[in-house]
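Chemist: Just one file: target03.txt, with compact mmCIF, C-alpha atoms.
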# COMPACT_ATOMS: atom_id res chain seq x y z
CA MET A 13 -27.19 31.37 -16.42
CA PRO A 14 -23.51 30.28 -16.29
CA THR A 15 -21.88 29.60 -19.64
CA VAL A 16 -20.58 26.15 -20.55
CA GLU A 17 -17.03 27.43 -20.05
CA GLN A 18 -17.82 28.71 -16.55
CA LYS A 19 -19.37 25.39 -15.61
CA ALA A 20 -16.34 23.57 -17.01
CA LEU A 21 -13.94 25.72 -14.98
CA ARG A 22 -15.74 25.03 -11.70
CA LEU A 23 -16.02 21.31 -12.42
CA THR A 24 -12.35 21.11 -13.45
CA GLN A 25 -11.36 22.38 -10.01
CA GLN A 26 -13.48 19.65 -8.43
CA ILE A 27 -11.96 17.03 -10.73
CA TYR A 28 -8.40 17.72 -9.59
CA ALA A 29 -9.49 17.87 -5.95
CA CYS A 30 -10.36 14.16 -6.29
CA ILE A 31 -6.72 13.17 -6.82
CA ALA A 32 -5.80 13.42 -3.15
CA GLU A 33 -9.27 12.48 -1.87
CA PRO A 34 -10.61 9.44 -3.78
CA ALA A 35 -13.85 9.56 -1.75
CA ARG A 36 -14.77 12.68 -3.73
CA TRP A 37 -15.14 10.83 -7.06
CA ILE A 38 -18.72 9.90 -6.24
CA HIS A 39 -19.49 13.53 -5.38
CA LEU A 40 -17.95 14.59 -8.67
CA LEU A 41 -20.22 12.16 -10.51
CA ALA A 42 -23.17 13.71 -8.71
CA GLU A 43 -22.06 17.20 -9.81
CA LEU A 44 -21.64 16.07 -13.42
CA ALA A 45 -25.09 14.49 -13.31
CA ARG A 46 -26.59 17.67 -11.84
CA HIS A 47 -25.10 19.92 -14.52
CA THR A 48 -26.26 17.63 -17.35
CA ARG A 49 -29.58 16.57 -15.79
CA ALA A 50 -28.39 12.96 -15.87
CA LYS A 51 -30.13 10.26 -13.87
CA GLY A 52 -27.00 8.27 -13.09
CA GLY A 53 -23.31 7.99 -13.80
CA LEU A 54 -20.25 5.78 -13.53
CA LEU A 55 -16.46 5.75 -13.57
CA ARG A 56 -15.05 2.37 -14.39
CA GLN A 57 -11.68 0.75 -15.01
CA VAL A 58 -11.89 -2.61 -16.73
CA ASP A 59 -9.70 -5.11 -18.55
CA PHE A 60 -11.77 -6.58 -21.34
CA SER A 61 -9.19 -9.31 -22.03
CA ASN A 62 -10.35 -11.12 -18.89
CA ASP A 63 -13.49 -9.08 -18.16
CA GLN A 64 -12.21 -7.96 -14.76
CA ILE A 65 -13.20 -4.63 -13.16
CA GLN A 66 -10.38 -2.98 -11.19
CA PHE A 67 -12.13 0.24 -10.13
CA SER A 68 -15.74 1.33 -10.20
CA GLU A 69 -17.77 4.25 -8.87
CA THR A 70 -21.48 4.32 -9.67
CA LEU A 71 -24.19 6.90 -9.05
CA ASP A 72 -27.84 5.87 -8.81
CA TYR A 73 -27.17 2.21 -9.65
CA ASP A 74 -28.91 -0.57 -7.78
CA THR A 75 -26.23 -2.78 -6.16
CA GLN A 76 -27.84 -5.84 -7.74
CA TYR A 77 -27.28 -4.38 -11.20
CA VAL A 78 -23.70 -3.41 -10.33
CA GLN A 79 -22.99 -7.04 -9.39
CA ALA A 80 -24.95 -8.33 -12.38
CA TYR A 81 -22.72 -6.30 -14.68
CA ARG A 82 -19.59 -7.84 -13.09
CA ASP A 83 -20.99 -11.37 -13.30
CA HIS A 84 -22.78 -11.36 -16.63
CA TYR A 85 -23.50 -8.18 -18.58
CA ILE A 86 -19.85 -7.21 -18.96
CA HIS A 87 -19.69 -9.99 -21.56
CA LEU A 88 -22.70 -8.55 -23.40
CA ASP A 89 -21.82 -4.84 -23.18
CA ILE A 90 -22.88 -3.28 -26.49
CA TYR A 91 -20.38 -0.41 -25.99
CA ARG A 92 -17.45 -2.80 -25.60
CA GLN A 93 -16.00 -2.67 -29.11
CA ARG A 94 -16.52 1.06 -29.41
CA LEU A 95 -14.79 1.66 -26.09
CA LEU A 96 -11.85 -0.44 -27.24
CA HIS A 97 -11.36 1.62 -30.41
CA HIS A 98 -12.86 5.05 -29.68
CA PRO A 99 -10.31 7.92 -29.43
CA VAL A 100 -9.23 8.64 -25.85
CA GLY A 101 -10.93 11.85 -24.72
CA GLY A 102 -13.51 11.66 -27.48
CA LEU A 103 -17.24 11.81 -26.78
CA LEU A 104 -19.34 8.67 -27.09
CA THR A 105 -23.16 8.42 -27.01
CA SER A 106 -25.74 5.64 -27.02
CA LEU A 107 -26.37 6.38 -30.70
CA ASP A 108 -22.79 5.48 -31.65
CA PRO A 109 -22.50 1.71 -31.26
CA MET A 110 -25.61 0.80 -33.24
CA SER A 111 -28.95 2.11 -34.41
CA PRO A 112 -31.83 2.43 -31.91
CA ALA A 113 -33.59 -0.48 -33.61
CA GLU A 114 -30.53 -2.74 -33.31
CA ARG A 115 -29.96 -1.69 -29.71
CA SER A 116 -33.56 -2.47 -28.77
CA ARG A 117 -33.03 -6.09 -29.83
CA THR A 118 -30.05 -6.73 -27.53
CA GLU A 119 -30.18 -8.54 -24.21
CA TYR A 120 -27.96 -5.82 -22.74
CA PHE A 121 -30.52 -3.12 -23.48
CA ASN A 122 -33.66 -5.08 -22.63
CA ASP A 123 -32.46 -6.77 -19.43
CA TYR A 124 -29.89 -4.29 -18.12
CA GLU A 125 -30.36 -0.72 -19.40
CA ARG A 126 -34.10 -0.49 -19.87
CA PRO A 127 -35.11 -1.92 -16.43
CA GLN A 128 -32.94 0.79 -14.85
CA ASP A 129 -34.38 3.44 -17.18
CA LYS A 130 -30.89 4.29 -18.42
CA ILE A 131 -31.94 4.85 -22.00
CA HIS A 132 -29.73 7.72 -23.14
CA VAL A 133 -25.98 7.46 -22.55
CA ILE A 134 -23.08 9.88 -22.97
CA GLY A 135 -19.46 9.49 -21.95
CA GLY A 136 -15.97 8.74 -23.18
CA VAL A 137 -12.73 6.78 -22.80
CA LEU A 138 -10.38 8.45 -20.31
CA ALA A 139 -7.38 6.13 -20.68
CA ARG A 140 -6.56 2.95 -22.56
CA GLN A 141 -3.68 0.49 -22.75
CA GLY A 142 -4.62 -2.38 -25.01
CA THR A 143 -7.75 -3.97 -23.58
CA HIS A 144 -7.27 -2.22 -20.23
CA LEU A 145 -9.25 1.01 -20.15
CA THR A 146 -10.91 3.61 -17.97
CA TYR A 147 -14.12 5.30 -19.03
CA MET A 148 -16.95 7.40 -17.68
CA GLY A 149 -20.61 7.62 -18.57
CA LEU A 150 -23.76 9.53 -17.67
CA GLN A 151 -27.29 8.25 -18.24
CA ARG A 152 -30.75 9.70 -18.63
CA GLY A 153 -34.15 8.01 -18.54
CA LYS A 154 -36.65 7.91 -21.36
CA ARG A 155 -38.57 10.85 -19.96
CA GLU A 156 -35.49 13.17 -19.82
CA GLY A 157 -34.61 12.62 -23.49
CA GLU A 158 -31.27 12.79 -25.28
CA PHE A 159 -28.36 14.87 -24.01
CA GLY A 160 -28.21 18.26 -25.71
CA ALA A 161 -25.46 20.23 -27.42
CA ARG A 162 -24.51 22.12 -24.22
CA ASP A 163 -24.16 18.83 -22.32
CA LYS A 164 -21.90 17.43 -25.03
CA ALA A 165 -19.80 20.59 -25.15
CA LEU A 166 -19.35 20.53 -21.37
CA LEU A 167 -18.22 16.90 -21.33
CA GLU A 168 -15.86 17.41 -24.26
CA MET A 169 -14.10 20.08 -22.18
CA LEU A 170 -13.97 17.89 -19.08
CA LEU A 171 -12.96 14.50 -20.48
CA PRO A 172 -9.21 15.35 -20.88
CA HIS A 173 -9.09 16.66 -17.29
CA LEU A 174 -10.86 13.57 -15.99
CA GLY A 175 -8.30 11.38 -17.75
CA ARG A 176 -5.33 13.28 -16.29
CA ALA A 177 -6.81 13.34 -12.79
CA LEU A 178 -7.49 9.60 -12.80
CA HIS A 179 -3.95 8.95 -14.07
CA LEU A 180 -2.47 11.01 -11.22
CA HIS A 181 -4.81 9.30 -8.75
CA GLU A 182 -3.53 5.92 -9.95
CA LEU A 183 0.12 6.97 -9.63
CA ILE A 184 -0.44 8.18 -6.06
CA SER A 185 -2.34 4.99 -5.20
CA HIS A 186 0.55 2.85 -6.45
CA THR A 187 2.98 4.94 -4.40
CA HIS A 188 0.86 4.46 -1.27
CA ILE A 189 0.67 0.72 -1.91
CA ALA A 190 4.46 0.48 -2.31
CA LEU A 191 4.96 2.50 0.89
CA ASN A 192 2.52 0.30 2.81
CA HIS A 193 4.31 -2.83 1.59
CA THR A 194 7.67 -1.37 2.63
CA GLU A 195 6.37 -0.51 6.09
CA ALA A 196 4.86 -4.00 6.44
CA VAL A 197 8.21 -5.61 5.59
CA LEU A 198 10.07 -3.38 8.07
CA ASP A 199 7.55 -4.33 10.75
CA GLU A 200 8.46 -8.00 10.23
CA ILE A 201 12.10 -7.59 11.32
CA ARG A 202 13.37 -7.56 14.89
CA LEU A 203 15.84 -4.78 14.23
CA ALA A 204 14.51 -1.38 15.27
CA VAL A 205 14.70 1.06 12.35
CA PHE A 206 14.28 4.84 12.52
CA ILE A 207 14.51 7.31 9.64
CA THR A 208 15.33 10.69 11.16
CA ASN A 209 15.99 14.21 9.97
CA ARG A 210 19.27 15.93 10.79
CA ALA A 211 17.92 17.08 14.17
CA ALA A 212 17.32 13.42 15.20
CA ARG A 213 13.53 13.70 14.90
CA PRO A 214 11.97 10.48 13.59
CA LEU A 215 10.24 10.74 10.22
CA MET A 216 9.18 7.09 10.33
CA HIS A 217 9.94 3.95 12.32
CA ASN A 218 8.99 0.28 12.35
CA ALA A 219 7.21 -1.86 14.95
CA ALA A 220 10.44 -2.94 16.67
CA ALA A 221 11.40 0.73 17.07
CA ASP A 222 7.98 1.43 18.53
CA ASP A 223 8.63 -1.33 21.08
CA LEU A 224 11.85 0.44 22.14
CA LEU A 225 10.03 3.76 22.50
CA HIS A 226 7.43 2.18 24.74
CA GLY A 227 9.99 0.05 26.60
CA GLY A 228 11.93 2.99 27.97
CA HIS A 229 15.33 2.36 26.35
CA VAL A 230 14.63 5.12 23.82
CA CYS A 231 12.49 8.20 24.31
CA ARG A 232 11.66 11.48 22.61
CA THR A 233 12.41 14.85 24.13
CA SER A 234 9.95 17.72 24.31
CA GLU A 235 11.41 18.91 20.97
CA GLY A 236 10.66 15.48 19.44
CA ASP A 237 14.22 14.22 18.89
CA LEU A 238 15.45 10.79 19.98
CA ALA A 239 17.16 10.46 23.35
CA LEU A 240 18.87 7.64 25.32
CA PRO A 241 19.14 7.07 29.10
CA ARG A 242 22.65 8.54 29.33
CA LYS A 243 23.36 12.08 28.12
CA ALA A 244 26.69 10.98 26.65
CA ASP A 245 24.95 8.34 24.51
CA THR A 246 22.32 10.86 23.40
CA ALA A 247 25.11 13.25 22.36
CA THR A 248 26.83 10.44 20.42
CA LEU A 249 23.55 9.50 18.71
CA HIS A 250 22.88 13.09 17.64
CA ARG A 251 26.45 13.58 16.42
CA LEU A 252 26.36 10.45 14.26
CA ILE A 253 22.93 11.34 12.87
CA ASP A 254 24.24 14.80 11.98
CA THR A 255 27.31 13.43 10.16
CA ALA A 256 25.30 10.70 8.38
CA SER A 257 22.71 13.29 7.29
CA ALA A 258 25.50 15.41 5.83
CA VAL A 259 26.53 12.46 3.66
CA THR A 260 22.94 11.93 2.52
CA ALA A 261 22.72 15.59 1.58
CA GLY A 262 25.97 15.39 -0.39
CA GLN A 263 27.81 17.71 2.01
CA SER A 264 30.34 15.21 3.36
CA PRO A 265 32.12 12.08 2.07
CA SER A 266 31.66 10.05 5.25
CA GLY A 267 29.60 9.98 8.44
CA GLY A 268 27.58 7.86 10.82
CA GLY A 269 28.99 4.96 12.83
CA GLU A 270 28.14 2.43 15.52
CA TRP A 271 28.57 1.90 19.25
CA VAL A 272 26.95 0.28 22.27
CA ALA A 273 24.74 2.43 24.49
CA THR A 274 24.69 1.59 28.20
CA SER A 275 22.41 2.06 31.17
CA SER A 276 23.23 4.39 34.06
CA SER A 277 24.85 1.40 35.80
CA GLY A 278 27.08 0.72 32.79
CA GLN A 279 25.23 -2.33 31.44
CA PRO A 280 24.96 -2.62 27.63
CA ILE A 281 21.36 -1.97 26.59
CA LEU A 282 21.47 -1.15 22.85
CA GLN A 283 23.68 -1.85 19.88
CA ILE A 284 23.26 1.13 17.55
CA ARG A 285 24.34 1.86 14.00
CA VAL A 286 23.70 5.15 12.17
CA SER A 287 24.01 5.21 8.38
CA PRO A 288 23.45 7.73 5.57
CA LEU A 289 20.62 7.05 3.16
CA PRO A 290 21.49 6.44 -0.49
CA ARG A 291 21.09 9.72 -2.37
CA TYR A 292 19.50 8.05 -5.40
CA ALA A 293 16.52 7.15 -3.19
CA LEU A 294 15.79 10.82 -2.50
CA GLN A 295 14.54 12.27 -5.76
CA SER A 296 13.45 15.88 -6.12
CA SER A 297 9.81 14.88 -5.52
CA SER A 298 10.55 12.89 -2.35
CA PRO A 299 8.82 14.18 0.81
CA VAL A 300 11.82 13.02 2.88
CA PRO A 301 14.33 15.80 3.68
CA LYS A 302 17.61 15.61 1.76
CA ALA A 303 19.53 15.64 5.08
CA CYS A 304 18.42 12.50 6.92
CA ALA A 305 19.79 9.25 8.32
CA ALA A 306 18.86 5.66 9.12
CA VAL A 307 19.26 4.51 12.71
CA PHE A 308 19.34 0.78 13.51
CA MET A 309 19.04 -0.45 17.10
CA THR A 310 18.85 -3.84 18.78
CA GLN A 311 18.93 -4.99 22.38
CA PRO A 312 21.45 -7.65 23.46
CA GLY A 313 19.76 -11.00 23.02
CA ALA A 314 16.87 -9.51 21.05
CA MET A 315 17.80 -11.46 17.92
CA ARG A 316 17.12 -14.85 19.52
CA LEU A 317 14.92 -17.14 17.48
CA PRO A 318 11.67 -18.32 19.07
CA ALA A 319 11.84 -22.01 19.97
CA GLN A 320 8.92 -22.77 17.66
CA ALA A 321 10.69 -21.24 14.66
CA ILE A 322 13.93 -23.12 15.40
CA ALA A 323 12.12 -26.43 15.72
CA ALA A 324 10.14 -25.87 12.52
CA LYS A 325 13.18 -24.92 10.42
CA TYR A 326 15.54 -27.70 11.54
CA GLY A 327 13.01 -30.45 12.19
CA LEU A 328 13.59 -30.45 15.94
CA SER A 329 11.20 -31.52 18.64
CA ALA A 330 9.64 -28.82 20.81
CA ALA A 331 11.96 -29.76 23.70
CA GLU A 332 15.01 -29.59 21.42
CA GLY A 333 13.91 -26.17 20.19
CA ARG A 334 13.69 -24.89 23.76
CA LEU A 335 17.14 -26.25 24.53
CA VAL A 336 18.68 -24.52 21.50
CA CYS A 337 17.14 -21.22 22.67
CA LEU A 338 18.72 -21.56 26.10
CA LEU A 339 22.13 -22.46 24.64
CA SER A 340 21.97 -19.47 22.31
CA ASP A 341 21.30 -17.34 25.41
CA GLY A 342 24.67 -18.44 26.79
CA LEU A 343 23.53 -21.10 29.27
CA ASN A 344 25.63 -24.23 29.65
CA LEU A 345 24.12 -27.74 29.66
CA GLU A 346 23.86 -27.90 33.44
CA GLU A 347 22.07 -24.54 33.63
CA ALA A 348 19.78 -25.50 30.73
CA ALA A 349 18.86 -28.77 32.45
CA ARG A 350 17.90 -26.91 35.64
CA THR A 351 15.86 -24.36 33.67
CA LEU A 352 14.02 -27.10 31.80
CA SER A 353 13.62 -29.26 34.94
CA VAL A 354 15.19 -32.29 33.29
CA SER A 355 18.34 -34.30 33.90
CA GLN A 356 21.72 -33.52 32.34
CA HIS A 357 21.56 -36.94 30.66
CA THR A 358 18.33 -35.81 28.92
CA VAL A 359 19.79 -32.56 27.62
CA ARG A 360 22.93 -34.37 26.39
CA SER A 361 20.74 -36.81 24.46
CA GLN A 362 18.74 -33.92 23.04
CA LEU A 363 21.92 -32.07 22.04
CA LYS A 364 23.21 -35.17 20.24
CA SER A 365 19.92 -35.33 18.31
CA ILE A 366 20.17 -31.59 17.53
CA PHE A 367 23.69 -32.07 16.12
CA ALA A 368 22.45 -34.84 13.83
CA LYS A 369 19.49 -32.80 12.57
CA THR A 370 21.44 -29.56 11.99
CA GLY A 371 24.56 -31.20 10.54
CA VAL A 372 27.02 -29.77 13.08
CA GLY A 373 29.43 -31.63 15.36
CA ARG A 374 30.02 -29.22 18.21
CA GLN A 375 28.06 -26.79 20.36
CA GLN A 376 30.18 -23.87 19.10
CA GLU A 377 29.29 -24.75 15.49
CA LEU A 378 25.62 -24.86 16.44
CA LEU A 379 25.77 -21.37 17.96
CA LEU A 380 27.59 -20.03 14.89
CA LEU A 381 24.92 -21.57 12.66
CA LEU A 382 22.17 -19.86 14.65
CA ALA A 383 24.02 -16.54 14.80
CA GLY A 384 24.10 -16.35 11.00
CA ASP A 385 20.52 -17.53 10.51
CA LEU A 386 18.47 -15.07 8.47
CA LEU A 387 15.39 -15.87 10.55
CA ASN A 388 17.11 -14.33 13.56
CA HIS A 389 16.19 -10.98 12.02
CA CYS A 390 12.49 -11.80 11.60
CA ARG A 391 9.71 -11.66 14.12
CA GLY A 392 8.16 -14.99 15.01
CA ARG A 393 4.43 -15.44 14.61
CA ASP A 394 4.20 -16.15 18.34
CA GLU A 395 5.78 -12.80 19.24
CA PRO A 396 4.01 -9.46 19.76
CA ALA A 397 3.85 -7.31 16.62
As structure tokens, how would this structure be written, given the file I've shared?
Modeler:
Amino acid sequence: MPTVEQKALRLTQQIYACIAEPARWIHLLAELARHTRAKGGLLRQVDFSNDQIQFSETLDYDTQYVQAYRDHYIHLDIYRQRLLHHPVGGLLTSLDPMSPAERSRTEYFNDYERPQDKIHVIGGVLARQGTHLTYMGLQRGKREGEFGARDKALLEMLLPHLGRALHLHELISHTHIALNHTEAVLDEIRLAVFITNRAARPLMHNAAADDLLHGGHVCRTSEGDLALPRKADTATLHRLIDTASAVTAGQSPSGGGEWVATSSSGQPILQIRVSPLPRYALQSSSPVPKACAAVFMTQPGAMRLPAQAIAAKYGLSAAEGRLVCLLSDGLNLEEAARTLSVSQHTVRSQLKSIFAKTGVGRQQELLLLLAGDLLNHCRGRDEPA
């Protein structure tokens, strides 16, 4: 028969494996229950100041009782005060909060624990900050009897490891949430953004960059690095990425730059800027290489506001919004009238109304106002993601 220490060693390895794979927590509970002959178990993170549960994994709990605890029994939990004051990492049993006779008179025991045959309880507080705490528990039925000395010794060895693993799991979860939020924000802007390594291979990119990759203006070679239609532009891109990456890595005082890439016929197709990344953002634990660069790209005219967004912001009619879009594209009033299939008198009247609503007096002022509009950099809700 394995010793308690041998069991603890094997279970400790499983505990830390849960950090990167949260789905394994329920399997860990099952292993803990198996080694202690428990009928059920739980891991729970709760804030008793507002009785809100942030995280919960339960083993052999009826879903109705899980919801009943959230809705009602959390307020009646007989372990509540002991959990709030019990030493972190210390063992707690069903005999600790009150005597068996007192416990048998509580609503919590009679209507929640006893119907589930969760009579004998063992566990402990894994982390606590004020009224916000994380704890675990294992339960046995009446027939299985109290947890024995070996069960208690095993859990006393494991509780500190469980606390550390859950803390690391929480840190990683927060990092993933922050990264997801950052990616979501980047996906909202029209500007194509690539983060590349020194060899011009993308490490990440936003939705606008993905549009360029699928649109043919930008591609990836068989080696995975970024390439442009003209070899000369590709060479310029790689050179600027290399010099910007050297700055990021602290190997050069300056690098990067900007230029306009053209098609094979000489037409401008992309405005491109390559910049170093701030070194403070790349800590020793960062998965991003120390030599990397940010590449920003936009197509001529790609920053035009959708007509709907213009109209909504400045209180224009739908027709006035469409006219502003055409003027920002460089069309004159005669060309805009033909495109809209209206008379020049109509577009002049609309332009006069637009001037009044936007507070400008000339067409040039209107175009300058739109050129500096922050919303030009954001995707409209009526555009593809």
Chemist: Using only C-alpha atoms, which of the listed residues (A:Arg162, A:Gln362, A:His84, A:Leu379) sits closest to A:Glu119?
Modeler: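 Of A:Arg162, A:Gln362, A:His84, A:Leu379, the one nearest A:Glu119 is A:His84, counting only C-alpha atoms.
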Chemist: Between A:Gly327, A:Pro34, A:Gly373, A:Gly160, which is the closest to A:Leu178 once you count all atoms listed in the file?
Modeler: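 Under the stated criterion, the closest residue is A:Pro34.
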Chemist: What's around stretch 280-283 of chain A at 12 Å? Count only C-alpha atoms, leave out sequence neighbours fewer than 5 positions away in its own chain, and write the answer as a list in words.
Modeler: Leu203, Ala204, Ala221, Leu224, Gly227, Gly228, His229, Val230, Leu240, Pro241, Arg242, Asp245, Leu249, Gly269, Glu270, Trp271, Val272, Ala273, Thr274, Ser275, Val307, Phe308, Met309, Thr310, Gln311, Pro312, Gly313, Ala314 and Met315 of chain A
Chemist: Using Å and a single decimal, report how far atom CA of A:Asp222 sits from atom CA of A:Ser340.
Modeler: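 Rounded to one decimal, the two atoms are 25.4 Å apart.
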Chemist: How many Å separate atom CA of A:Thr194 from atom CA of A:His217?
Modeler: 11.3 Å
Chemist: Using only C-alpha atoms, collect all residues at a distance of at most 6 Å from (22.0, 12.1, 2.4) as written in the file, then present them as a list of chain:residue names.
Modeler: A:Ser257, A:Ala258, A:Val259, A:Thr260, A:Ala261, A:Gly262, A:Pro288, A:Leu289, A:Arg291, A:Lys302, A:Ala303, A:Cys304
Chemist: Select, counting all atoms listed in the file, all protein, DNA and RNA residues no farther than 9 Å from (-17.1, 21.4, -12.2) in file coordinates, and express the selection as number ranges by chain.
Modeler: A: 18-27, 40, 43-44, 47, 170
Chemist: Show me, as number ranges by chain, the residues that have an atom within 7 Å of stretch 137-151 of chain A when counting all atoms listed in the file, minus same-chain residues fewer than 5 positions from it.
Modeler: A: 45, 50-61, 95-96, 100-102, 130-132, 171, 174-175
Chemist: With distances taken over all atoms listed in the file, which of A:Arg350, A:His357, A:Phe367, A:Ala80 is nearest to A:Glu332?
Modeler: A:Phe367
Chemist: Work out how far atom CA of A:Ser264 is from atom CA of A:Leu215, in Å to one decimal.
Modeler: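 Atom-to-atom, atom CA of A:Leu215 and atom CA of A:Ser264 are spaced 21.7 Å apart.
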Chemist: Taking all atoms listed in the file into account, name the residue in A:Asp83, A:Glu158, A:Glu33, A:Asp199 that is nearest to A:Ala220.
Modeler: A:Asp199
Chemist: Which residue, A:Ile86, A:Asp72, A:Leu382, A:Arg117, has the smallest gap to A:Asp129 when you use all atoms listed in the file?
Modeler: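 Of the candidates, the smallest distance to A:Asp129 is held by A:Asp72.
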